[in-house]
>>> print(open('final-v4.txt').read())   # compact mmCIF, C-alpha atoms
# COMPACT_ATOMS: atom_id res chain seq x y z
CA MET A 1 -70.72 -5.45 76.99
CA GLU A 2 -69.89 -1.96 75.72
CA LYS A 3 -72.55 -0.51 78.01
CA LYS A 4 -71.09 -2.37 80.99
CA ILE A 5 -67.62 -1.05 80.27
CA LYS A 6 -68.95 2.49 79.97
CA ILE A 7 -70.81 2.24 83.28
CA TYR A 8 -67.72 0.77 84.96
CA ILE A 9 -65.55 3.64 83.75
CA GLN A 10 -68.18 6.21 84.71
CA HIS A 11 -68.25 4.77 88.23
CA TYR A 12 -64.47 4.77 88.37
CA ILE A 13 -64.37 8.44 87.38
CA ASN A 14 -66.99 9.42 89.91
CA ASP A 15 -65.17 7.55 92.68
CA ASN A 16 -61.76 9.03 91.82
CA LEU A 17 -62.54 12.61 90.89
CA LYS A 18 -59.80 13.96 93.13
CA ASP A 19 -57.11 11.96 91.30
CA LEU A 20 -58.30 12.90 87.82
CA PRO A 21 -58.30 16.20 85.90
CA PHE A 22 -61.16 18.49 86.93
CA ILE A 23 -62.84 17.98 83.56
CA ALA A 24 -62.96 14.18 83.95
CA ARG A 25 -66.64 14.04 84.82
CA PHE A 26 -67.43 15.53 81.39
CA TRP A 27 -65.30 13.05 79.46
CA ASP A 28 -67.00 11.34 76.59
CA ILE A 29 -66.42 7.61 76.91
CA GLU A 30 -66.14 5.65 73.71
CA VAL A 31 -65.60 1.91 73.66
CA ILE A 32 -63.63 0.90 70.59
CA PRO A 33 -63.91 -2.76 69.62
CA THR A 34 -60.71 -4.33 68.33
CA LYS A 35 -60.23 -7.12 65.82
CA SER A 36 -58.12 -9.17 68.16
CA SER A 37 -58.16 -9.67 71.90
CA ASN A 38 -54.82 -7.86 72.19
CA PRO A 39 -55.20 -4.28 73.35
CA ILE A 40 -54.29 -1.61 70.77
CA ASN A 41 -51.14 0.31 71.55
CA PRO A 42 -52.05 3.81 72.58
CA ILE A 43 -50.75 6.75 70.57
CA THR A 44 -48.38 8.90 72.58
CA TYR A 45 -47.96 12.63 72.19
CA GLY A 46 -44.96 13.40 74.36
CA HIS A 47 -46.53 16.38 76.12
CA PHE A 48 -47.58 15.61 79.72
CA LYS A 49 -47.41 11.87 78.93
CA THR A 50 -50.65 12.17 76.98
CA GLU A 51 -52.00 9.15 75.18
CA GLY A 52 -54.92 8.57 72.86
CA ALA A 53 -56.71 5.69 71.18
CA TYR A 54 -56.90 7.47 67.84
CA ALA A 55 -55.08 10.41 66.28
CA ILE A 56 -56.77 13.29 64.52
CA PRO A 57 -56.02 13.87 60.85
CA PHE A 58 -55.25 17.32 59.44
CA TYR A 59 -58.23 19.16 58.01
CA LYS A 60 -56.92 19.66 54.47
CA PRO A 61 -54.49 18.16 51.97
CA ILE A 62 -50.92 19.18 52.87
CA SER A 63 -49.72 18.98 49.27
CA LYS A 64 -51.31 18.24 45.89
CA ILE A 65 -48.67 16.12 44.24
CA VAL A 66 -50.51 12.83 43.74
CA ILE A 67 -53.02 12.50 40.88
CA LEU A 68 -55.93 11.12 42.87
CA SER A 69 -58.18 10.61 39.85
CA ILE A 70 -55.93 7.73 38.71
CA LEU A 71 -56.70 5.93 41.96
CA ASN A 72 -60.42 6.52 41.60
CA GLU A 73 -60.40 4.86 38.18
CA GLU A 74 -59.06 1.61 39.53
CA MET B 1 -99.77 22.77 63.42
CA LYS B 2 -97.54 25.75 62.72
CA ASN B 3 -97.49 27.27 59.27
CA ARG B 4 -93.99 26.25 58.18
CA ASN B 5 -93.83 28.05 54.86
CA TYR B 6 -90.21 29.18 55.17
CA ILE B 7 -87.20 27.20 53.99
CA HIS B 8 -84.04 27.87 55.98
CA LEU B 9 -80.47 26.80 55.25
CA PHE B 10 -78.80 24.76 57.96
CA ALA B 11 -76.04 26.80 59.62
CA ASN B 12 -73.34 24.47 58.24
CA CYS B 13 -74.59 24.89 54.66
CA LEU B 14 -73.02 27.91 53.00
CA ILE B 15 -73.56 29.34 49.54
CA THR B 16 -70.60 30.52 47.45
CA LYS B 17 -71.64 32.54 44.44
CA GLY B 18 -69.53 32.34 41.29
CA ILE B 19 -69.75 34.44 38.15
CA SER B 20 -72.10 32.03 36.40
CA ARG B 21 -73.29 29.55 39.02
CA SER B 22 -73.12 28.86 42.74
CA VAL B 23 -72.42 26.01 45.12
CA ILE B 24 -73.93 25.11 48.45
CA CYS B 25 -71.29 23.51 50.65
CA ASP B 26 -72.25 21.32 53.56
CA LEU B 27 -69.31 21.74 55.90
CA GLN B 28 -70.34 18.88 58.17
CA ARG B 29 -71.07 16.22 55.60
CA SER B 30 -68.26 17.38 53.28
CA LYS B 31 -70.35 17.65 50.12
CA TYR B 32 -71.52 20.31 47.72
CA VAL B 33 -74.33 20.82 45.24
CA LEU B 34 -74.30 23.17 42.26
CA ILE B 35 -77.19 25.61 41.95
CA PRO B 36 -78.01 28.44 39.53
CA ASN B 37 -77.15 31.96 40.65
CA SER B 38 -80.80 32.99 40.35
CA PHE B 39 -81.66 30.38 42.98
CA ALA B 40 -78.72 31.37 45.20
CA ASP B 41 -79.90 35.02 45.03
CA LEU B 42 -83.09 34.06 46.87
CA PHE B 43 -80.91 33.45 49.93
CA SER B 44 -78.53 36.34 49.41
CA LYS B 45 -79.97 38.80 51.94
CA GLN B 46 -80.90 36.24 54.54
CA ARG B 47 -80.47 32.50 54.86
CA TYR B 48 -84.16 31.71 54.47
CA TYR B 49 -86.88 32.12 51.87
CA ASN B 50 -90.63 32.41 52.11
CA LEU B 51 -92.15 29.77 49.82
CA LYS B 52 -95.33 31.81 49.54
CA GLU B 53 -93.42 34.44 47.56
CA ALA B 54 -92.34 32.00 44.85
CA PRO B 55 -95.65 31.94 42.83
CA ARG B 56 -95.57 35.76 42.67
CA ILE B 57 -92.00 35.86 41.35
CA PHE B 58 -91.82 32.89 38.98
CA ASP B 59 -93.92 31.94 35.97
CA GLN B 60 -95.30 28.40 35.79
CA GLU B 61 -92.21 26.90 34.14
CA ASN B 62 -89.71 28.54 36.47
CA LEU B 63 -91.87 27.72 39.49
CA SER B 64 -91.60 24.01 38.76
CA ILE B 65 -87.80 24.37 38.35
CA PHE B 66 -87.71 26.26 41.66
CA HIS B 67 -89.59 23.43 43.38
CA GLU B 68 -87.22 20.88 41.87
CA TYR B 69 -84.25 22.69 43.42
CA VAL B 70 -86.04 22.95 46.76
CA ALA B 71 -86.60 19.19 46.63
CA VAL B 72 -82.90 18.60 45.83
CA LEU B 73 -81.81 20.74 48.78
CA LYS B 74 -84.25 18.94 51.07
CA ASP B 75 -82.96 15.56 49.86
CA HIS B 76 -79.42 16.63 50.74
CA ASN B 77 -80.54 17.99 54.10
CA PHE B 78 -79.29 21.47 53.20
CA ILE B 79 -82.56 23.17 54.19
CA PHE B 80 -85.41 22.66 56.62
CA SER B 81 -88.89 24.10 56.93
CA CYS B 82 -89.84 26.48 59.68
CA SER B 83 -92.37 29.16 60.57
CA LYS B 84 -91.77 32.90 60.55
CA LYS B 85 -91.70 32.91 64.34
CA GLU B 86 -89.00 30.23 64.41
CA LEU B 87 -86.62 32.05 62.01
CA LYS B 88 -84.76 33.96 64.71
CA ARG B 89 -83.90 30.75 66.53
CA PHE B 90 -81.26 29.80 63.98
CA PRO B 91 -78.16 31.99 64.25
CA GLN B 92 -75.49 31.98 61.58
CA LEU B 93 -72.25 30.07 61.88
CA GLN B 94 -69.26 32.01 63.20
CA LEU B 95 -66.92 32.18 60.19
CA LYS B 96 -63.76 33.45 61.86
CA PHE B 97 -60.80 31.13 61.31
CA GLU B 98 -58.95 30.24 64.46
CA TYR B 99 -56.43 27.47 64.94
CA PRO B 100 -54.22 26.88 67.96
CA ALA B 101 -50.90 26.89 66.11
CA LYS B 102 -48.53 29.43 64.59
CA ILE B 103 -47.64 26.79 61.99
CA THR B 104 -50.31 24.23 61.21
CA ASN B 105 -48.62 21.92 58.74
CA ALA B 106 -45.23 21.13 57.26
CA ILE B 107 -43.86 19.47 54.15
CA ILE B 108 -40.47 17.86 54.59
CA ASP B 109 -38.68 16.50 51.55
CA PHE B 110 -35.79 14.08 51.87
CA ASP B 111 -33.37 12.46 49.49
CA LYS B 112 -30.26 10.33 49.95
CA ASN B 113 -28.11 13.43 50.36
CA SER B 114 -30.34 15.12 52.94
CA ASN B 115 -28.18 15.95 55.88
CA THR B 116 -30.98 16.68 58.33
CA THR B 117 -32.48 14.74 61.17
CA ILE B 118 -36.18 14.61 61.89
CA LYS B 119 -35.41 14.97 65.60
CA ASP B 120 -33.91 18.44 65.09
CA ILE B 121 -36.71 19.48 62.75
CA ILE B 122 -39.33 18.49 65.31
CA GLN B 123 -37.48 20.12 68.19
CA TYR B 124 -36.61 23.45 66.55
CA PHE B 125 -39.19 23.97 63.84
CA LEU B 126 -42.36 22.11 64.82
CA ILE B 127 -42.78 21.95 68.62
CA PRO B 128 -42.31 25.70 69.31
CA TYR B 129 -45.01 26.51 66.76
CA ASN B 130 -47.39 23.69 67.68
CA CYS B 131 -47.15 22.20 64.20
CA ARG B 132 -48.59 18.72 64.62
CA HIS B 133 -49.29 17.55 61.06
CA ILE B 134 -46.52 16.76 58.62
CA GLN B 135 -46.01 15.28 55.19
CA ILE B 136 -42.78 13.51 54.31
CA ARG B 137 -41.90 13.10 50.64
CA CYS B 138 -39.09 11.18 48.96
CA PHE B 139 -38.74 11.11 45.20
CA GLU B 140 -35.98 8.51 45.02
CA ASP B 141 -35.39 5.09 46.60
CA MET B 142 -34.65 5.32 50.31
CA ASP B 143 -33.53 2.71 52.78
CA SER B 144 -36.30 1.26 54.95
CA ILE B 145 -34.11 1.93 58.01
CA PHE B 146 -34.45 5.61 57.23
CA PHE B 147 -38.24 5.40 57.52
CA ASP B 148 -37.99 3.35 60.71
CA THR B 149 -35.86 6.11 62.24
CA LEU B 150 -38.36 8.74 61.16
CA ILE B 151 -41.39 6.96 62.51
CA THR B 152 -39.70 6.11 65.82
CA GLU B 153 -39.11 9.82 66.42
CA ILE B 154 -42.63 10.72 65.31
CA ASN B 155 -44.22 8.05 67.51
CA HIS B 156 -42.60 9.50 70.60
CA CYS B 157 -43.30 13.16 70.00
CA PHE B 158 -46.30 15.45 69.88
CA ILE B 159 -46.96 14.99 66.14
CA LYS B 160 -50.55 13.93 65.51
CA SER B 161 -50.45 12.79 61.93
CA VAL B 162 -47.89 12.03 59.27
CA GLU B 163 -48.38 11.42 55.57
CA PHE B 164 -45.73 9.63 53.54
CA ILE B 165 -45.26 9.97 49.79
CA ILE B 166 -42.35 7.71 48.90
CA LYS B 167 -41.01 5.76 45.95
CA ASP B 168 -42.19 2.17 45.70
CA SER B 169 -39.31 -0.23 46.14
CA PHE B 170 -41.24 -3.11 47.63
CA GLU B 171 -41.74 -5.10 44.41
CA GLN B 172 -45.40 -5.76 45.09
CA ASP B 173 -44.82 -7.45 48.42
CA TYR B 174 -46.78 -5.13 50.61
CA THR B 175 -47.31 -7.40 53.61
CA GLN B 176 -44.48 -5.84 55.57
CA ILE B 177 -45.45 -2.31 54.65
CA MET B 178 -49.07 -2.91 55.72
CA LYS B 179 -47.88 -4.21 59.05
CA TRP B 180 -45.56 -1.22 59.41
CA VAL B 181 -48.45 1.19 58.84
CA GLU B 182 -50.72 -0.76 61.17
CA ASN B 183 -48.15 -0.64 63.96
CA ASN B 184 -47.40 3.05 63.53
CA ARG B 185 -50.78 4.57 64.06
CA LYS B 186 -49.89 8.18 63.42
CA ILE B 187 -49.49 7.37 59.73
CA LYS B 188 -52.47 8.91 58.02
CA SER B 189 -51.50 7.74 54.56
CA LEU B 190 -48.70 6.12 52.68
CA VAL B 191 -48.57 6.75 48.94
CA LEU B 192 -46.09 4.63 47.02
CA HIS B 193 -45.37 6.36 43.73
CA SER B 194 -43.60 5.06 40.61
CA SER B 195 -45.30 1.75 41.33
CA GLN B 196 -46.37 -0.97 38.89
CA GLU B 197 -50.07 -0.46 39.40
CA ASN B 198 -52.66 1.93 40.78
CA LYS B 199 -54.13 0.18 43.77
CA VAL B 200 -55.60 0.80 47.19
CA ILE B 201 -53.58 -1.64 49.30
CA GLN B 202 -55.19 -0.76 52.60
CA LYS B 203 -58.31 1.30 53.26
CA GLU B 204 -58.58 3.92 55.95
CA ASN B 205 -59.43 3.14 59.55
CA TYR B 206 -60.80 6.18 61.38
CA GLY B 207 -59.07 8.33 58.74
CA PHE B 208 -55.66 6.68 59.22
CA GLY B 209 -53.61 3.83 57.81
CA ILE B 210 -54.35 4.31 54.11
CA VAL B 211 -51.86 2.62 51.80
CA VAL B 212 -52.03 3.18 48.05
CA THR B 213 -49.76 2.58 45.11
CA THR B 214 -49.74 4.71 41.99
CA ARG B 215 -48.04 4.39 38.63
CA GLN B 216 -47.50 8.15 38.66
CA LYS B 217 -43.78 8.84 38.51
CA ILE B 218 -43.08 11.63 40.96
CA THR B 219 -39.47 12.59 40.37
CA SER B 220 -39.41 16.01 41.98
CA GLU B 221 -41.46 18.65 43.78
CA SER B 222 -42.40 20.10 40.38
CA HIS B 223 -45.25 17.58 40.17
CA CYS B 224 -47.09 19.41 42.95
CA GLY B 225 -49.80 22.03 42.57
CA ILE B 226 -52.58 19.95 41.03
CA ILE B 227 -55.94 21.72 41.05
CA HIS B 228 -58.68 19.14 40.67
CA PRO B 229 -62.08 18.41 42.29
CA ASP B 230 -60.43 15.42 44.00
CA TYR B 231 -58.56 17.94 46.11
CA PHE B 232 -61.61 20.03 46.99
CA ASN B 233 -61.84 20.15 50.74
CA ILE B 234 -65.17 20.83 52.39
CA THR B 235 -64.57 21.26 56.09
CA ILE B 236 -65.38 24.17 58.37
CA GLU B 237 -61.67 24.74 59.11
CA SER B 238 -60.66 24.81 55.48
CA TYR B 239 -63.66 26.89 54.35
CA THR B 240 -63.25 29.55 57.02
CA GLU B 241 -59.51 29.68 56.42
CA SER B 242 -60.09 30.23 52.70
CA LEU B 243 -62.32 33.23 53.38
CA CYS B 244 -59.39 35.34 54.60
CA TYR B 245 -56.21 33.36 54.04
CA ASN B 246 -54.43 31.34 51.41
CA SER B 247 -55.81 27.83 51.47
CA CYS B 248 -52.44 26.21 50.76
CA LEU B 249 -49.68 28.34 52.24
CA ASN B 250 -51.27 29.92 55.31
CA ARG B 251 -49.23 28.82 58.34
CA LYS B 252 -47.29 26.25 56.32
CA ILE B 253 -43.55 25.66 56.34
CA SER B 254 -41.59 23.49 54.02
CA ILE B 255 -38.13 22.08 54.23
CA ASP B 256 -36.80 20.99 50.87
CA LYS B 257 -34.40 18.08 50.34
CA SER B 258 -31.41 20.38 50.83
CA GLY B 259 -32.72 21.69 54.15
CA ASN B 260 -33.88 25.05 52.80
CA ILE B 261 -36.81 26.60 54.62
CA LYS B 262 -39.49 27.80 52.21
CA ASN B 263 -43.20 28.46 51.93
CA CYS B 264 -43.40 25.47 49.61
CA PRO B 265 -40.65 23.16 48.31
CA SER B 266 -41.65 24.09 44.75
CA MET B 267 -40.88 27.77 45.35
CA LYS B 268 -37.48 29.22 44.61
CA GLN B 269 -37.09 31.63 47.51
CA SER B 270 -35.37 30.17 50.56
CA PHE B 271 -35.44 31.86 53.96
CA GLY B 272 -32.50 30.02 55.43
CA ASN B 273 -31.19 26.52 55.93
CA ILE B 274 -31.94 24.33 58.91
CA LYS B 275 -28.21 23.66 59.32
CA SER B 276 -27.64 27.27 60.28
CA ILE B 277 -31.01 28.32 61.76
CA LYS B 278 -32.52 27.04 64.99
CA THR B 279 -35.73 29.03 65.08
CA LEU B 280 -38.51 30.08 62.73
CA ASP B 281 -39.37 33.23 64.68
CA SER B 282 -37.76 35.72 62.31
CA ILE B 283 -38.90 33.78 59.22
CA ILE B 284 -42.55 33.81 60.28
CA GLU B 285 -42.31 37.56 60.87
CA ASN B 286 -40.56 38.16 57.53
CA PRO B 287 -43.05 39.94 55.20
CA ASP B 288 -41.53 38.15 52.21
CA PHE B 289 -42.40 34.83 53.83
CA ASN B 290 -45.85 35.59 55.20
CA LYS B 291 -47.06 37.72 52.27
CA TYR B 292 -48.61 34.58 50.73
CA TRP B 293 -50.61 33.77 53.84
CA THR B 294 -53.23 36.45 53.24
CA ILE B 295 -53.67 35.88 49.50
CA SER B 296 -57.18 34.53 49.73
CA LYS B 297 -59.00 33.25 46.67
CA ASP B 298 -60.99 36.49 46.60
CA LYS B 299 -57.75 38.28 45.66
CA ILE B 300 -56.63 35.88 42.93
CA GLU B 301 -57.40 36.64 39.31
CA THR B 302 -60.03 34.31 37.81
CA CYS B 303 -60.37 32.41 41.13
CA MET B 304 -62.29 35.40 42.53
CA TYR B 305 -65.09 34.54 40.06
CA CYS B 306 -65.05 30.82 40.79
CA GLU B 307 -67.81 29.12 42.75
CA PHE B 308 -65.29 26.61 44.14
CA ARG B 309 -62.96 29.27 45.56
CA TYR B 310 -63.51 28.42 49.24
CA ILE B 311 -63.19 24.65 48.87
CA CYS B 312 -60.29 24.59 46.41
CA ILE B 313 -56.75 24.31 47.78
CA ASP B 314 -54.74 27.00 46.03
CA CYS B 315 -51.24 26.86 44.56
CA ARG B 316 -48.87 29.87 44.57
CA ALA B 317 -45.82 27.99 43.31
CA TYR B 318 -46.98 27.44 39.74
CA LEU B 319 -48.80 30.43 38.29
CA GLU B 320 -50.14 31.28 34.86
CA THR B 321 -48.16 34.53 35.07
CA PRO B 322 -45.22 33.75 37.37
CA GLU B 323 -44.28 37.40 37.98
CA ASN B 324 -47.79 38.18 39.27
CA ILE B 325 -48.41 36.67 42.72
CA TYR B 326 -52.16 37.17 42.24
CA SER B 327 -52.20 35.10 39.07
CA LYS B 328 -54.40 32.02 38.63
CA PRO B 329 -52.79 28.62 39.45
CA GLN B 330 -51.08 27.29 36.34
CA LYS B 331 -52.29 23.74 36.88
CA CYS B 332 -55.99 24.63 37.05
CA GLY B 333 -57.97 23.91 33.92
CA TYR B 334 -61.32 25.18 35.19
CA ASP B 335 -63.02 28.17 33.59
CA PRO B 336 -65.59 29.70 35.98
CA PHE B 337 -67.07 31.74 33.12
CA THR B 338 -68.07 28.68 31.08
CA ASN B 339 -68.15 26.19 33.98
CA LYS B 340 -66.02 23.79 31.99
CA TRP B 341 -62.80 21.98 32.82
CA LYS B 342 -60.75 22.78 29.73
CA TRP B 343 -58.28 20.13 30.76
CA ASP B 344 -57.41 18.12 33.84
CA TYR B 345 -53.95 17.62 35.28
CA GLU B 346 -53.32 14.33 33.47
CA SER B 347 -53.87 15.85 30.06
CA PHE B 348 -51.87 18.90 31.15
CA THR B 349 -48.83 16.73 31.88
CA LYS B 350 -49.18 14.91 28.57
>>> encode(input="final-v4.txt", output="C-alpha cells")
Amino acid sequence: MEKKIKIYIQHYINDNLKDLPFIARFWDIEVIPTKSSNPINPITYGHFKTEGAYAIPFYKPISKIVILSILNEE
Amino acid sequence: MKNRNYIHLFANCLITKGISRSVICDLQRSKYVLIPNSFADLFSKQRYYNLKEAPRIFDQENLSIFHEYVAVLKDHNFIFSCSKKELKRFPQLQLKFEYPAKITNAIIDFDKNSNTTIKDIIQYFLIPYNCRHIQIRCFEDMDSIFFDTLITEINHCFIKSVEFIIKDSFEQDYTQIMKWVENNRKIKSLVLHSSQENKVIQKENYGFGIVVTTRQKITSESHCGIIHPDYFNITIESYTESLCYNSCLNRKISIDKSGNIKNCPSMKQSFGNIKSIKTLDSIIENPDFNKYWTISKDKIETCMYCEFRYICIDCRAYLETPENIYSKPQKCGYDPFTNKWKWDYESFTK
C-alpha cells in the first residue's frame, strides 16, 4: 500500500511539474502510517502557508534545569 | 583481495583528547566511547592507522590491549578497514558551524505577574532573527487557559518546536494533558515539576510529544545549570558549535518572568525590557551581551582539559569563581584530571 501511494504521488508530481516548486521532482516521499484512519493535522509554519507532517526538534538542550537522572531511575 | 591493513575512523567519528583520557564521539549515532590517550595518539596526525606498525611499537601485553580497543571500535562502527590506496578516498568532515539564524533558541519564563504576550515576543524577538525553537518555563501554578493561549499562537506561527517546563497541578489525572500534547504537535516535551512521582507519562513520537512528571521542586531559575552526562549532546551541530562558540549561550536569548532580556534568566545583567524594546538588533550587537557567545570550552578553566568538552552543554550563569567569566561551571562535579565525578547535581543540592 505504501509503495502504491508513493508511486501515485510520484506520478502526480511528474504530471504537474509546472504547478509545483522547481525542486518538486527531487522531493523525498515518506508515507507515515497513522494509528487511526483520521488524517493527522499538518503542522503549520506561517511562512508561505508551509505545512509539514512532523516538526524538527532543536539540536541541543535549551536549558539544564531538570534533573534527568531521577527520571532514568524510575 | 586488497590488503586492507589500515583502520580508518569514519568521518562522523571524532576524537576529543582530554588531559588523562579521550573520547570518540559518533556524531550520527549520538554515542561516545572512552579510550586511553595513548590509543587516541595513534590517530592524532591522521585519521587512520596502519595495523602492521602495531607489533613494532607495542610489547606483547600492550599489543593485545591494542587489539581489544580495535575490536571495541569495530563493534561500535567507529572504524573500518581499508587499503593504503583507498585512504585518500575518505575526506574529513567539515567542522565549521553554520546555522541559518541570528538567534537559534529562546528561554521564556512566565509567572502570574508576567505582563507580556507570546504574540509580541514572537513578532518582535523571534521572527526577525529566525529563532524557531523555544522553551517556556513556569515555576508556579498557572491557569490552563494561559497555556492554551500560548500554544494557539505557537501553532499558527513559524516556531518549529516548543518545550514546556511547568508546575504540576493536574493531580495525577494526565488524560487531558496527554490529549493536549497529542493535539499540539509542536510540543517537543512537557515536564511537570513539583509532581508526586517521577514518571514518563508519554514517550516520544518522532522526537516530539514527551510528557514526564518529576518530584523535583523547581521554584526558580536558580535550579538551572546542571552539568551531568544526561545532558551530554552528541550531534554534529552541537559538536561543531562547541569547537568555537559557547555551547549554551551562543545565539540564545532569554526573557525572564519580568520581561527582562538576558543571555540566560539566571544571569543578573539585563539588556532591556520587552515592554520598552521592540527589537533585538542593538542587544545582539552589544559586546556585553555577545561576549559569552565565543567562550568555547577550550577557553574555560578546567573544561579545557576535559575529554567531554565538545559534548557538554556549558553554564556561564553559575561559576566556581563568579567574577571570572572563564571559570568552571559551579554545578559540575567532574574532575578531568582524575576522571571521577566528585559529586552529581543531586548530592550538590543536598
>>> axis_aligned_box(input="final-v4.txt", around="range 249-265 of chain B", padding_each_side="4 Å", output="JSON")
{"center_x": -41.3, "center_y": 24.0, "center_z": 53.3, "size_x": 27.9, "size_y": 19.8, "size_z": 18.0}
>>> interface_residues(input="final-v4.txt", of="chain B", to="chain A", cutoff="7 Å", atoms="only C-alpha atoms", output="PyMOL selection string")
chain B and resi 105+133+135+155-161+185-186+188+198-199+207+223-226+230+233+235+237-238
>>> atom_distance(input="final-v4.txt", atom1="CA of Arg29 in chain B", atom2="CA of Tyr245 in chain B")
22.7 Å
>>> residues_around(input="final-v4.txt", residues="Ser296 in chain B", least_positions_apart="4", cutoff="12 Å", atoms="only C-alpha atoms", output="VMD selection string")
chain B and resid 238 to 250 291 to 292 300 to 301 303 to 304 309 to 316 325 to 328
>>> write_last_selection(input="final-v4.txt", atoms="C-alpha atoms", output="tab-separated table (two decimals), in the frame of the given file")
chain	number	residue	atom	x	y	z
B	238	SER	CA	-60.66	24.81	55.48
B	239	TYR	CA	-63.66	26.89	54.35
B	240	THR	CA	-63.25	29.55	57.02
B	241	GLU	CA	-59.51	29.68	56.42
B	242	SER	CA	-60.09	30.23	52.70
B	243	LEU	CA	-62.32	33.23	53.38
B	244	CYS	CA	-59.39	35.34	54.60
B	245	TYR	CA	-56.21	33.36	54.04
B	246	ASN	CA	-54.43	31.34	51.41
B	247	SER	CA	-55.81	27.83	51.47
B	248	CYS	CA	-52.44	26.21	50.76
B	249	LEU	CA	-49.68	28.34	52.24
B	250	ASN	CA	-51.27	29.92	55.31
B	291	LYS	CA	-47.06	37.72	52.27
B	292	TYR	CA	-48.61	34.58	50.73
B	300	ILE	CA	-56.63	35.88	42.93
B	301	GLU	CA	-57.40	36.64	39.31
B	303	CYS	CA	-60.37	32.41	41.13
B	304	MET	CA	-62.29	35.40	42.53
B	309	ARG	CA	-62.96	29.27	45.56
B	310	TYR	CA	-63.51	28.42	49.24
B	311	ILE	CA	-63.19	24.65	48.87
B	312	CYS	CA	-60.29	24.59	46.41
B	313	ILE	CA	-56.75	24.31	47.78
B	314	ASP	CA	-54.74	27.00	46.03
B	315	CYS	CA	-51.24	26.86	44.56
B	316	ARG	CA	-48.87	29.87	44.57
B	325	ILE	CA	-48.41	36.67	42.72
B	326	TYR	CA	-52.16	37.17	42.24
B	327	SER	CA	-52.20	35.10	39.07
B	328	LYS	CA	-54.40	32.02	38.63
>>> residues_near_point(input="final-v4.txt", point="(-34.1, 29.4, 54.5)", cutoff="9 Å", atoms="only C-alpha atoms", output="VMD selection string")
chain B and resid 255 259 to 262 269 to 274 276 to 277 283
>>> closest_residue(input="final-v4.txt", among="B:Leu190, B:Ile108, B:Ile210, B:Met178", to="Ser266 in chain B", atoms="all atoms listed in the file")
B:Ile108
>>> atom_distance(input="final-v4.txt", atom1="CA of Glu61 in chain B", atom2="CA of Leu14 in chain B")
26.9 Å
>>> residues_around(input="final-v4.txt", residues="Ala24 in chain A", least_positions_apart="4", cutoff="12 Å", atoms="only C-alpha atoms", output="PyMOL selection string")
chain A and resi 9-20+28-29
>>> residues_around(input="final-v4.txt", residues="Asp281 in chain B", least_positions_apart="5", cutoff="10 Å", atoms="only C-alpha atoms", output="VMD selection string")
chain B and resid 102 125 128 to 129 286
>>> atom_distance(input="final-v4.txt", atom1="CA of Cys264 in chain B", atom2="CA of Trp293 in chain B")
11.8 Å
>>> residues_around(input="final-v4.txt", residues="Phe139 in chain B", least_positions_apart="2", cutoff="8 Å", atoms="all atoms listed in the file", output="PyMOL selection string")
chain B and resi 110-111+137+141+166-167+218-220
>>> residues_around(input="final-v4.txt", residues="Glu30 in chain A", least_positions_apart="5", cutoff="10 Å", atoms="only C-alpha atoms", output="PDB file with C-alpha atoms, in the coordinates of the input")
ATOM      1  CA  GLU A   2     -69.890  -1.960  75.720  1.00  0.00           C
ATOM      2  CA  LYS A   3     -72.550  -0.510  78.010  1.00  0.00           C
ATOM      3  CA  ILE A   5     -67.620  -1.050  80.270  1.00  0.00           C
ATOM      4  CA  LYS A   6     -68.950   2.490  79.970  1.00  0.00           C
ATOM      5  CA  ALA A  53     -56.710   5.690  71.180  1.00  0.00           C
TER       6      ALA A  53
END
>>> closest_residue(input="final-v4.txt", among="B:Cys332, B:Ala54, B:Met267, B:Val72", to="Ile24 in chain B", atoms="all atoms listed in the file")
B:Val72
>>> build_atoms(input="final-v4.txt", residues="range 4-11 of chain A", atoms="N, CA, C and O atoms", output="JSON list (two decimals), in the coordinates of the input")
[["chain", "number", "residue", "atom", "x", "y", "z"],
["A", 4, "LYS", "N", -71.65, -2.02, 79.68],
["A", 4, "LYS", "CA", -71.09, -2.37, 80.99],
["A", 4, "LYS", "C", -69.75, -1.68, 81.22],
["A", 4, "LYS", "O", -69.46, -1.18, 82.31],
["A", 5, "ILE", "N", -68.94, -1.69, 80.17],
["A", 5, "ILE", "CA", -67.62, -1.05, 80.27],
["A", 5, "ILE", "C", -67.78, 0.44, 80.54],
["A", 5, "ILE", "O", -67.11, 1.02, 81.39],
["A", 6, "LYS", "N", -68.72, 1.06, 79.81],
["A", 6, "LYS", "CA", -68.95, 2.49, 79.97],
["A", 6, "LYS", "C", -69.38, 2.81, 81.41],
["A", 6, "LYS", "O", -68.88, 3.76, 82.02],
["A", 7, "ILE", "N", -70.31, 2.02, 81.91],
["A", 7, "ILE", "CA", -70.81, 2.24, 83.28],
["A", 7, "ILE", "C", -69.68, 2.07, 84.29],
["A", 7, "ILE", "O", -69.54, 2.85, 85.23],
["A", 8, "TYR", "N", -68.85, 1.02, 84.05],
["A", 8, "TYR", "CA", -67.72, 0.77, 84.96],
["A", 8, "TYR", "C", -66.79, 1.98, 85.00],
["A", 8, "TYR", "O", -66.40, 2.44, 86.08],
["A", 9, "ILE", "N", -66.47, 2.50, 83.82],
["A", 9, "ILE", "CA", -65.55, 3.64, 83.75],
["A", 9, "ILE", "C", -66.19, 4.88, 84.39],
["A", 9, "ILE", "O", -65.53, 5.63, 85.11],
["A", 10, "GLN", "N", -67.47, 5.07, 84.13],
["A", 10, "GLN", "CA", -68.18, 6.21, 84.71],
["A", 10, "GLN", "C", -68.13, 6.16, 86.24],
["A", 10, "GLN", "O", -67.85, 7.17, 86.90],
["A", 11, "HIS", "N", -68.33, 4.94, 86.78],
["A", 11, "HIS", "CA", -68.25, 4.77, 88.23],
["A", 11, "HIS", "C", -66.84, 5.06, 88.75],
["A", 11, "HIS", "O", -66.66, 5.70, 89.77]]
